[in-house]
Amino acid sequence: MKETSGRLLRLLGLLQMRREWSGQELADRLGITTRTVRRDIDKLRELDYPVQASKGITGGYRLGSGAQLPPLLLDDEEAVAIAIALRTAAGSGVAGQGETALRALVKLEQVLPNRLRNRLEALQIATVYAPGRGPTVEPETLSAIATACRDEQQLRFRYGDSETVRTVEPHQVVTWGRRWYLVAWDLGRDDWRTFRVDRMQPKVPAGPRFTPRELPGGDAAAFVAGGIAQRWPYQATVRLRTPADSEPARLSATYGRIEPVDNRSCLLHIGADDARALVFLLGAITVDFEVIDAPELSRELRAAAARFNAAAGTDQ
């Protein structure tokens with residue numbers, strides 16, 4: 001009985017690894033006959049695992065979706081990854097998901113072996129979640145938009161208080177800060193646009209399929225960051241002493257828009273509430289830079305440098 005149970009777990013693990021297996025492939029992997037494979041498949045079905053079978057030369061077995069949620073078989077890394085994702089979901093800004101994620105996390109931690117529970121406790125000690133306020137997103141809205149992105153289907157929606165229905169080709173959903181954004185090609189404006197998901201009211205079903213376009217720069221996160229930076233009341237431009245395609249420049253694109261200059265430098269167009277807030281952001285940049293405009297920013301940088309020098313115990 002113990003041997004059969006262990007074999008069923010190995011069989012279930014194989015079915016979860018790949019979309020479809022032939023009976024002979026499963027038999028070879030498990031060291032059993034194809035007849036035993038068929039019997040084990042029947043046992044999994046009795047346990048509510050929806051294993052589907054197709055006949056013919058190209059036939060085989062696949063794990064389908066059923067009316068009930070059967071137990072999942074996870075390896076160590078998958079279990080840890082899910083636990084981390086559940087903790088992150090508690091502060092994701094998706095309406096009603098915080099408490100649900102915590103309930104699921106408690107259930108998962110109850111069945112984890114000690115070695116994995118200890119890893120999660122270490123991660124909890126080493127990381128701190130910084131709470132903040134922001135608009136919430138309905139799970140149904142986020143799911144409809146993400147599905148349209150995945151299936152490459154046009155998306156129709158009302159935006160904000162407008163009664164006008166926008167039609168877009170959705171590219172990717174991006175989370176920035178505590179807000180969710182959709183990067184999409186706006187068919188009405190004939191250009192790329194960024195939309196706040198909490199202000200979108202999708203129409204279902206989704207529209208026809210489309211051929212994806214190439215996003216300028218290829219990085220949806222940088223596209224969103226650049227668009228947000230332009231909306232801040234205080235704007236500045238700094239020259240980074242690194243090429244636009246370097247890793248420091250790519251990381252700096254989190255704060256604003258990168259513009260190539262030459263093979264040794266690039267411009268960062270960045271925004272914030274005021275010059276002092278910009279000093280805080282620029283402090284995270286790991287390469288030398290110089291202010292191109294914004295004299296207020298230069299004054300705030302000198303003031304901050306004086307404070308840091310004084311804190312370090314030197315006036316030089």
# chains A, B, ... in the order shown; residues from 1 in each chain; ligands from 1
>>> residues_around(residues="segment 35-39 of chain A", least_positions_apart="5", cutoff="9 Å", atoms="only C-alpha atoms", output="compact mmCIF listing (two decimals) with all heavy atoms, in the first residue's frame")
# COMPACT_ATOMS: atom_id res chain seq x y z
N LEU A 11 3.46 9.79 -9.95
CA LEU A 11 2.66 9.92 -11.17
C LEU A 11 2.01 11.30 -11.23
O LEU A 11 2.02 11.97 -12.28
CB LEU A 11 1.59 8.82 -11.21
CG LEU A 11 0.57 8.90 -12.34
CD1 LEU A 11 1.25 8.87 -13.70
CD2 LEU A 11 -0.45 7.75 -12.21
N GLY A 23 1.16 6.88 -22.36
CA GLY A 23 1.18 5.84 -21.34
C GLY A 23 2.53 5.17 -21.22
O GLY A 23 2.99 4.85 -20.12
N GLN A 24 3.21 4.97 -22.35
CA GLN A 24 4.51 4.32 -22.34
C GLN A 24 5.55 5.20 -21.65
O GLN A 24 6.41 4.71 -20.92
CB GLN A 24 4.95 4.00 -23.76
CG GLN A 24 6.20 3.13 -23.85
CD GLN A 24 6.01 1.79 -23.16
OE1 GLN A 24 5.10 1.04 -23.48
NE2 GLN A 24 6.88 1.48 -22.19
N LEU A 26 5.05 7.40 -19.26
CA LEU A 26 4.80 7.33 -17.81
C LEU A 26 5.29 5.99 -17.25
O LEU A 26 5.89 5.94 -16.17
CB LEU A 26 3.31 7.52 -17.52
CG LEU A 26 2.76 8.92 -17.80
CD1 LEU A 26 1.24 8.93 -17.63
CD2 LEU A 26 3.39 9.95 -16.85
N ALA A 27 5.02 4.92 -17.99
CA ALA A 27 5.45 3.60 -17.53
C ALA A 27 6.97 3.53 -17.42
O ALA A 27 7.52 3.00 -16.44
CB ALA A 27 4.93 2.53 -18.49
N LEU A 30 8.21 5.53 -14.35
CA LEU A 30 7.86 4.95 -13.06
C LEU A 30 8.35 3.50 -12.91
O LEU A 30 8.26 2.94 -11.81
CB LEU A 30 6.34 4.98 -12.87
CG LEU A 30 5.71 6.39 -12.83
CD1 LEU A 30 4.19 6.29 -12.87
CD2 LEU A 30 6.16 7.14 -11.59
N LEU A 44 -6.25 7.94 -9.27
CA LEU A 44 -6.20 9.39 -9.16
C LEU A 44 -7.57 10.01 -9.46
O LEU A 44 -7.98 10.98 -8.81
CB LEU A 44 -5.15 9.96 -10.13
CG LEU A 44 -3.68 9.72 -9.78
CD1 LEU A 44 -2.77 10.31 -10.85
CD2 LEU A 44 -3.34 10.34 -8.42
>>> residues_around(residues="Ala229 of chain A", least_positions_apart="2", cutoff="10 Å", atoms="only C-alpha atoms", output="JSON, numbers by chain")
{"A": [224, 225, 226, 227, 231, 232, 233, 234, 235, 236, 253, 254, 255, 256, 257, 269, 270, 271, 272]}
>>> residues_around(residues="Ala284 of chain A", least_positions_apart="3", cutoff="10 Å", atoms="only C-alpha atoms", output="list in words")
Leu251, Ser252, Tyr255, Val279, Phe280, Leu281 and Val287 of chain A
>>> residues_around(residues="segment 144-157 of chain A", least_positions_apart="3", cutoff="6 Å", atoms="only C-alpha atoms", output="ChimeraX atom specification")
/A:141,165-171,201-203,206-210
>>> write_last_selection(atoms="N, CA and C atoms", output="compact mmCIF listing (two decimals), in the first residue's frame")
# COMPACT_ATOMS: atom_id res chain seq x y z
N THR A 141 -11.76 42.74 -12.22
CA THR A 141 -11.22 43.69 -13.21
C THR A 141 -9.81 43.30 -13.60
N VAL A 165 -16.40 54.66 -24.51
CA VAL A 165 -15.77 53.33 -24.44
C VAL A 165 -14.47 53.36 -25.22
N ARG A 166 -13.37 53.06 -24.53
CA ARG A 166 -12.05 53.00 -25.18
C ARG A 166 -11.81 51.56 -25.66
N THR A 167 -11.12 51.44 -26.78
CA THR A 167 -10.74 50.12 -27.30
C THR A 167 -9.23 50.09 -27.47
N VAL A 168 -8.59 49.09 -26.85
CA VAL A 168 -7.14 49.01 -26.88
C VAL A 168 -6.69 47.60 -27.19
N GLU A 169 -5.42 47.50 -27.57
CA GLU A 169 -4.75 46.20 -27.67
C GLU A 169 -3.86 46.09 -26.43
N PRO A 170 -4.28 45.35 -25.41
CA PRO A 170 -3.53 45.30 -24.14
C PRO A 170 -2.18 44.62 -24.31
N HIS A 171 -1.16 45.22 -23.70
CA HIS A 171 0.19 44.67 -23.82
C HIS A 171 0.63 43.97 -22.53
N GLN A 201 -13.21 50.11 -16.28
CA GLN A 201 -14.41 49.28 -16.16
C GLN A 201 -14.55 48.45 -17.43
N PRO A 202 -13.89 47.27 -17.47
CA PRO A 202 -13.86 46.47 -18.69
C PRO A 202 -15.24 45.99 -19.12
N LYS A 203 -15.41 45.88 -20.44
CA LYS A 203 -16.61 45.30 -21.04
C LYS A 203 -16.29 43.85 -21.40
N ALA A 206 -14.30 39.92 -24.19
CA ALA A 206 -13.23 40.66 -24.84
C ALA A 206 -13.44 40.66 -26.35
N GLY A 207 -12.74 41.56 -27.04
CA GLY A 207 -12.90 41.73 -28.48
C GLY A 207 -12.09 40.71 -29.28
N PRO A 208 -11.90 40.96 -30.56
CA PRO A 208 -11.19 40.02 -31.44
C PRO A 208 -9.70 39.95 -31.12
N ARG A 209 -9.07 38.89 -31.65
CA ARG A 209 -7.64 38.72 -31.48
C ARG A 209 -6.89 39.76 -32.30
N PHE A 210 -5.64 40.04 -31.88
CA PHE A 210 -4.81 41.00 -32.61
C PHE A 210 -3.37 40.51 -32.62
>>> closest_residue(among="A:Val204, A:Ala81, A:Asp75, A:Gly64", to="Pro50 of chain A", atoms="only C-alpha atoms")
A:Gly64
>>> residues_around(residues="Ala83 of chain A", least_positions_apart="2", cutoff="8 Å", atoms="only C-alpha atoms", output="PyMOL selection string")
chain A and resi 79-81+85-87+105+108-109+120
>>> write_last_selection(atoms="N, CA and C atoms", output="PDB file, in the first residue's frame")
ATOM      1  N   ALA A  79       6.750  25.506  -3.051  1.00  0.00           N
ATOM      2  CA  ALA A  79       6.029  25.834  -1.821  1.00  0.00           C
ATOM      3  C   ALA A  79       6.515  27.155  -1.232  1.00  0.00           C
ATOM      4  N   VAL A  80       7.821  27.371  -1.213  1.00  0.00           N
ATOM      5  CA  VAL A  80       8.369  28.620  -0.684  1.00  0.00           C
ATOM      6  C   VAL A  80       7.946  29.796  -1.557  1.00  0.00           C
ATOM      7  N   ALA A  81       7.990  29.616  -2.883  1.00  0.00           N
ATOM      8  CA  ALA A  81       7.605  30.691  -3.792  1.00  0.00           C
ATOM      9  C   ALA A  81       6.142  31.085  -3.590  1.00  0.00           C
ATOM     10  N   ALA A  85       4.640  34.686  -2.317  1.00  0.00           N
ATOM     11  CA  ALA A  85       3.641  35.393  -3.120  1.00  0.00           C
ATOM     12  C   ALA A  85       2.398  35.718  -2.299  1.00  0.00           C
ATOM     13  N   LEU A  86       1.990  34.811  -1.412  1.00  0.00           N
ATOM     14  CA  LEU A  86       0.823  35.065  -0.573  1.00  0.00           C
ATOM     15  C   LEU A  86       1.083  36.208   0.394  1.00  0.00           C
ATOM     16  N   ARG A  87       2.278  36.274   0.948  1.00  0.00           N
ATOM     17  CA  ARG A  87       2.599  37.388   1.839  1.00  0.00           C
ATOM     18  C   ARG A  87       2.599  38.705   1.081  1.00  0.00           C
ATOM     19  N   LEU A 105      -2.206  31.414   3.393  1.00  0.00           N
ATOM     20  CA  LEU A 105      -0.843  31.272   3.911  1.00  0.00           C
ATOM     21  C   LEU A 105      -0.827  30.446   5.196  1.00  0.00           C
ATOM     22  N   LEU A 108      -1.162  26.835   4.308  1.00  0.00           N
ATOM     23  CA  LEU A 108       0.064  26.303   3.715  1.00  0.00           C
ATOM     24  C   LEU A 108       1.130  26.065   4.768  1.00  0.00           C
ATOM     25  N   GLU A 109       1.310  27.026   5.675  1.00  0.00           N
ATOM     26  CA  GLU A 109       2.359  26.899   6.692  1.00  0.00           C
ATOM     27  C   GLU A 109       2.085  25.737   7.651  1.00  0.00           C
ATOM     28  N   LEU A 120      10.953  30.186   5.718  1.00  0.00           N
ATOM     29  CA  LEU A 120       9.977  31.273   5.650  1.00  0.00           C
ATOM     30  C   LEU A 120      10.106  32.221   6.838  1.00  0.00           C
TER      31      LEU A 120
END
>>> select_by_dssp(residues="segment 176-294 of chain A", states="strand (DSSP E)", output="ChimeraX atom specification")
/A:176,179-186,191-196,200-203,234-240,256-262,265-272,289-291
>>> closest_residue(among="A:Arg264, A:Arg62, A:Arg307, A:Lys43", to="Leu9 of chain A", atoms="only C-alpha atoms")
A:Lys43
>>> atom_distance(atom1="atom CA of Pro113 of chain A", atom2="atom CA of Leu74 of chain A")
12.1 Å
>>> atom_distance(atom1="atom CA of Leu182 of chain A", atom2="atom CA of Thr194 of chain A")
5.6 Å
>>> decode(residues="segment 143-159 of chain A", atoms="all heavy atoms", output="PDB file, in the first residue's frame")
ATOM      1  N   SER A 143      -8.374  40.412 -13.328  1.00  0.00           N
ATOM      2  CA  SER A 143      -8.378  39.130 -14.034  1.00  0.00           C
ATOM      3  C   SER A 143      -8.795  39.299 -15.488  1.00  0.00           C
ATOM      4  O   SER A 143      -8.188  38.703 -16.396  1.00  0.00           O
ATOM      5  CB  SER A 143      -9.327  38.154 -13.327  1.00  0.00           C
ATOM      6  OG  SER A 143      -9.407  36.931 -14.030  1.00  0.00           O
ATOM      7  N   ALA A 144      -9.826  40.121 -15.742  1.00  0.00           N
ATOM      8  CA  ALA A 144     -10.291  40.330 -17.117  1.00  0.00           C
ATOM      9  C   ALA A 144      -9.206  40.982 -17.969  1.00  0.00           C
ATOM     10  O   ALA A 144      -9.000  40.605 -19.130  1.00  0.00           O
ATOM     11  CB  ALA A 144     -11.555  41.188 -17.107  1.00  0.00           C
ATOM     12  N   ILE A 145      -8.496  41.952 -17.396  1.00  0.00           N
ATOM     13  CA  ILE A 145      -7.449  42.649 -18.146  1.00  0.00           C
ATOM     14  C   ILE A 145      -6.265  41.724 -18.404  1.00  0.00           C
ATOM     15  O   ILE A 145      -5.723  41.674 -19.515  1.00  0.00           O
ATOM     16  CB  ILE A 145      -7.007  43.904 -17.373  1.00  0.00           C
ATOM     17  CG1 ILE A 145      -8.172  44.898 -17.301  1.00  0.00           C
ATOM     18  CG2 ILE A 145      -5.792  44.550 -18.027  1.00  0.00           C
ATOM     19  CD1 ILE A 145      -7.901  46.076 -16.389  1.00  0.00           C
ATOM     20  N   ALA A 146      -5.843  40.980 -17.378  1.00  0.00           N
ATOM     21  CA  ALA A 146      -4.709  40.068 -17.537  1.00  0.00           C
ATOM     22  C   ALA A 146      -5.019  38.979 -18.554  1.00  0.00           C
ATOM     23  O   ALA A 146      -4.148  38.575 -19.336  1.00  0.00           O
ATOM     24  CB  ALA A 146      -4.347  39.446 -16.189  1.00  0.00           C
ATOM     25  N   THR A 147      -6.270  38.493 -18.564  1.00  0.00           N
ATOM     26  CA  THR A 147      -6.657  37.458 -19.518  1.00  0.00           C
ATOM     27  C   THR A 147      -6.606  37.998 -20.949  1.00  0.00           C
ATOM     28  O   THR A 147      -6.146  37.313 -21.875  1.00  0.00           O
ATOM     29  CB  THR A 147      -8.070  36.943 -19.211  1.00  0.00           C
ATOM     30  OG1 THR A 147      -8.090  36.390 -17.891  1.00  0.00           O
ATOM     31  CG2 THR A 147      -8.488  35.877 -20.210  1.00  0.00           C
ATOM     32  N   ALA A 148      -7.062  39.239 -21.139  1.00  0.00           N
ATOM     33  CA  ALA A 148      -7.003  39.847 -22.475  1.00  0.00           C
ATOM     34  C   ALA A 148      -5.555  40.010 -22.935  1.00  0.00           C
ATOM     35  O   ALA A 148      -5.246  39.834 -24.111  1.00  0.00           O
ATOM     36  CB  ALA A 148      -7.718  41.199 -22.454  1.00  0.00           C
ATOM     37  N   CYS A 149      -4.655  40.366 -22.010  1.00  0.00           N
ATOM     38  CA  CYS A 149      -3.230  40.461 -22.352  1.00  0.00           C
ATOM     39  C   CYS A 149      -2.694  39.103 -22.786  1.00  0.00           C
ATOM     40  O   CYS A 149      -2.009  38.990 -23.808  1.00  0.00           O
ATOM     41  CB  CYS A 149      -2.436  40.971 -21.143  1.00  0.00           C
ATOM     42  SG  CYS A 149      -2.713  42.700 -20.692  1.00  0.00           S
ATOM     43  N   ARG A 150      -3.011  38.083 -22.003  1.00  0.00           N
ATOM     44  CA  ARG A 150      -2.495  36.741 -22.285  1.00  0.00           C
ATOM     45  C   ARG A 150      -3.012  36.203 -23.603  1.00  0.00           C
ATOM     46  O   ARG A 150      -2.258  35.635 -24.401  1.00  0.00           O
ATOM     47  CB  ARG A 150      -2.901  35.795 -21.153  1.00  0.00           C
ATOM     48  CG  ARG A 150      -2.403  34.357 -21.317  1.00  0.00           C
ATOM     49  CD  ARG A 150      -3.174  33.416 -20.428  1.00  0.00           C
ATOM     50  NE  ARG A 150      -4.575  33.347 -20.826  1.00  0.00           N
ATOM     51  CZ  ARG A 150      -5.517  32.740 -20.105  1.00  0.00           C
ATOM     52  NH1 ARG A 150      -5.212  32.190 -18.947  1.00  0.00           N
ATOM     53  NH2 ARG A 150      -6.770  32.693 -20.543  1.00  0.00           N
ATOM     54  N   ASP A 151      -4.319  36.391 -23.865  1.00  0.00           N
ATOM     55  CA  ASP A 151      -4.943  35.813 -25.055  1.00  0.00           C
ATOM     56  C   ASP A 151      -4.849  36.725 -26.271  1.00  0.00           C
ATOM     57  O   ASP A 151      -5.380  36.386 -27.334  1.00  0.00           O
ATOM     58  CB  ASP A 151      -6.414  35.501 -24.760  1.00  0.00           C
ATOM     59  CG  ASP A 151      -6.570  34.440 -23.684  1.00  0.00           C
ATOM     60  OD1 ASP A 151      -5.595  33.709 -23.434  1.00  0.00           O
ATOM     61  OD2 ASP A 151      -7.660  34.354 -23.090  1.00  0.00           O
ATOM     62  N   GLU A 152      -4.203  37.900 -26.113  1.00  0.00           N
ATOM     63  CA  GLU A 152      -4.023  38.854 -27.212  1.00  0.00           C
ATOM     64  C   GLU A 152      -5.369  39.195 -27.858  1.00  0.00           C
ATOM     65  O   GLU A 152      -5.563  39.094 -29.067  1.00  0.00           O
ATOM     66  CB  GLU A 152      -3.037  38.293 -28.245  1.00  0.00           C
ATOM     67  CG  GLU A 152      -1.654  38.056 -27.656  1.00  0.00           C
ATOM     68  CD  GLU A 152      -0.707  37.351 -28.603  1.00  0.00           C
ATOM     69  OE1 GLU A 152      -1.182  36.923 -29.683  1.00  0.00           O
ATOM     70  OE2 GLU A 152       0.488  37.209 -28.290  1.00  0.00           O
ATOM     71  N   GLN A 153      -6.301  39.623 -26.994  1.00  0.00           N
ATOM     72  CA  GLN A 153      -7.624  40.043 -27.433  1.00  0.00           C
ATOM     73  C   GLN A 153      -7.827  41.518 -27.119  1.00  0.00           C
ATOM     74  O   GLN A 153      -7.409  42.011 -26.061  1.00  0.00           O
ATOM     75  CB  GLN A 153      -8.714  39.230 -26.731  1.00  0.00           C
ATOM     76  CG  GLN A 153      -8.784  37.777 -27.155  1.00  0.00           C
ATOM     77  CD  GLN A 153      -9.910  37.051 -26.442  1.00  0.00           C
ATOM     78  OE1 GLN A 153      -9.788  36.705 -25.273  1.00  0.00           O
ATOM     79  NE2 GLN A 153     -10.999  36.824 -27.151  1.00  0.00           N
ATOM     80  N   GLN A 154      -8.492  42.220 -28.025  1.00  0.00           N
ATOM     81  CA  GLN A 154      -8.781  43.625 -27.787  1.00  0.00           C
ATOM     82  C   GLN A 154      -9.641  43.778 -26.529  1.00  0.00           C
ATOM     83  O   GLN A 154     -10.455  42.915 -26.213  1.00  0.00           O
ATOM     84  CB  GLN A 154      -9.501  44.240 -28.991  1.00  0.00           C
ATOM     85  CG  GLN A 154      -8.632  44.391 -30.224  1.00  0.00           C
ATOM     86  CD  GLN A 154      -9.377  45.040 -31.373  1.00  0.00           C
ATOM     87  OE1 GLN A 154     -10.513  45.484 -31.217  1.00  0.00           O
ATOM     88  NE2 GLN A 154      -8.752  45.081 -32.537  1.00  0.00           N
ATOM     89  N   LEU A 155      -9.443  44.909 -25.846  1.00  0.00           N
ATOM     90  CA  LEU A 155     -10.143  45.167 -24.597  1.00  0.00           C
ATOM     91  C   LEU A 155     -10.933  46.462 -24.730  1.00  0.00           C
ATOM     92  O   LEU A 155     -10.401  47.483 -25.179  1.00  0.00           O
ATOM     93  CB  LEU A 155      -9.131  45.279 -23.445  1.00  0.00           C
ATOM     94  CG  LEU A 155      -9.685  45.398 -22.040  1.00  0.00           C
ATOM     95  CD1 LEU A 155     -10.391  44.101 -21.631  1.00  0.00           C
ATOM     96  CD2 LEU A 155      -8.549  45.693 -21.052  1.00  0.00           C
ATOM     97  N   ARG A 156     -12.210  46.435 -24.358  1.00  0.00           N
ATOM     98  CA  ARG A 156     -13.053  47.626 -24.365  1.00  0.00           C
ATOM     99  C   ARG A 156     -13.382  47.989 -22.923  1.00  0.00           C
ATOM    100  O   ARG A 156     -13.694  47.110 -22.116  1.00  0.00           O
ATOM    101  CB  ARG A 156     -14.340  47.361 -25.155  1.00  0.00           C
ATOM    102  CG  ARG A 156     -14.107  47.004 -26.621  1.00  0.00           C
ATOM    103  CD  ARG A 156     -15.410  46.691 -27.350  1.00  0.00           C
ATOM    104  NE  ARG A 156     -16.135  45.611 -26.695  1.00  0.00           N
ATOM    105  CZ  ARG A 156     -17.333  45.738 -26.131  1.00  0.00           C
ATOM    106  NH1 ARG A 156     -17.951  46.919 -26.148  1.00  0.00           N
ATOM    107  NH2 ARG A 156     -17.929  44.713 -25.567  1.00  0.00           N
ATOM    108  N   PHE A 157     -13.362  49.263 -22.596  1.00  0.00           N
ATOM    109  CA  PHE A 157     -13.632  49.666 -21.217  1.00  0.00           C
ATOM    110  C   PHE A 157     -13.997  51.145 -21.145  1.00  0.00           C
ATOM    111  O   PHE A 157     -13.647  51.944 -22.017  1.00  0.00           O
ATOM    112  CB  PHE A 157     -12.394  49.406 -20.337  1.00  0.00           C
ATOM    113  CG  PHE A 157     -11.150  50.115 -20.786  1.00  0.00           C
ATOM    114  CD1 PHE A 157     -10.817  51.379 -20.311  1.00  0.00           C
ATOM    115  CD2 PHE A 157     -10.293  49.521 -21.700  1.00  0.00           C
ATOM    116  CE1 PHE A 157      -9.674  52.034 -20.728  1.00  0.00           C
ATOM    117  CE2 PHE A 157      -9.144  50.166 -22.133  1.00  0.00           C
ATOM    118  CZ  PHE A 157      -8.829  51.427 -21.644  1.00  0.00           C
ATOM    119  N   ARG A 158     -14.703  51.487 -20.094  1.00  0.00           N
ATOM    120  CA  ARG A 158     -14.911  52.884 -19.733  1.00  0.00           C
ATOM    121  C   ARG A 158     -13.808  53.269 -18.772  1.00  0.00           C
ATOM    122  O   ARG A 158     -13.386  52.464 -17.938  1.00  0.00           O
ATOM    123  CB  ARG A 158     -16.277  53.071 -19.074  1.00  0.00           C
ATOM    124  CG  ARG A 158     -17.452  52.997 -20.040  1.00  0.00           C
ATOM    125  CD  ARG A 158     -18.767  53.094 -19.299  1.00  0.00           C
ATOM    126  NE  ARG A 158     -18.754  54.226 -18.366  1.00  0.00           N
ATOM    127  CZ  ARG A 158     -19.557  54.318 -17.295  1.00  0.00           C
ATOM    128  NH1 ARG A 158     -20.408  53.358 -17.022  1.00  0.00           N
ATOM    129  NH2 ARG A 158     -19.505  55.378 -16.514  1.00  0.00           N
ATOM    130  N   TYR A 159     -13.370  54.525 -18.879  1.00  0.00           N
ATOM    131  CA  TYR A 159     -12.227  54.954 -18.077  1.00  0.00           C
ATOM    132  C   TYR A 159     -12.640  56.143 -17.214  1.00  0.00           C
ATOM    133  O   TYR A 159     -13.053  57.193 -17.727  1.00  0.00           O
ATOM    134  CB  TYR A 159     -11.052  55.343 -18.976  1.00  0.00           C
ATOM    135  CG  TYR A 159      -9.734  55.472 -18.250  1.00  0.00           C
ATOM    136  CD1 TYR A 159      -9.202  54.393 -17.557  1.00  0.00           C
ATOM    137  CD2 TYR A 159      -9.019  56.664 -18.270  1.00  0.00           C
ATOM    138  CE1 TYR A 159      -7.998  54.493 -16.897  1.00  0.00           C
ATOM    139  CE2 TYR A 159      -7.799  56.772 -17.601  1.00  0.00           C
ATOM    140  CZ  TYR A 159      -7.300  55.683 -16.920  1.00  0.00           C
ATOM    141  OH  TYR A 159      -6.108  55.782 -16.255  1.00  0.00           O
TER     142      TYR A 159
END
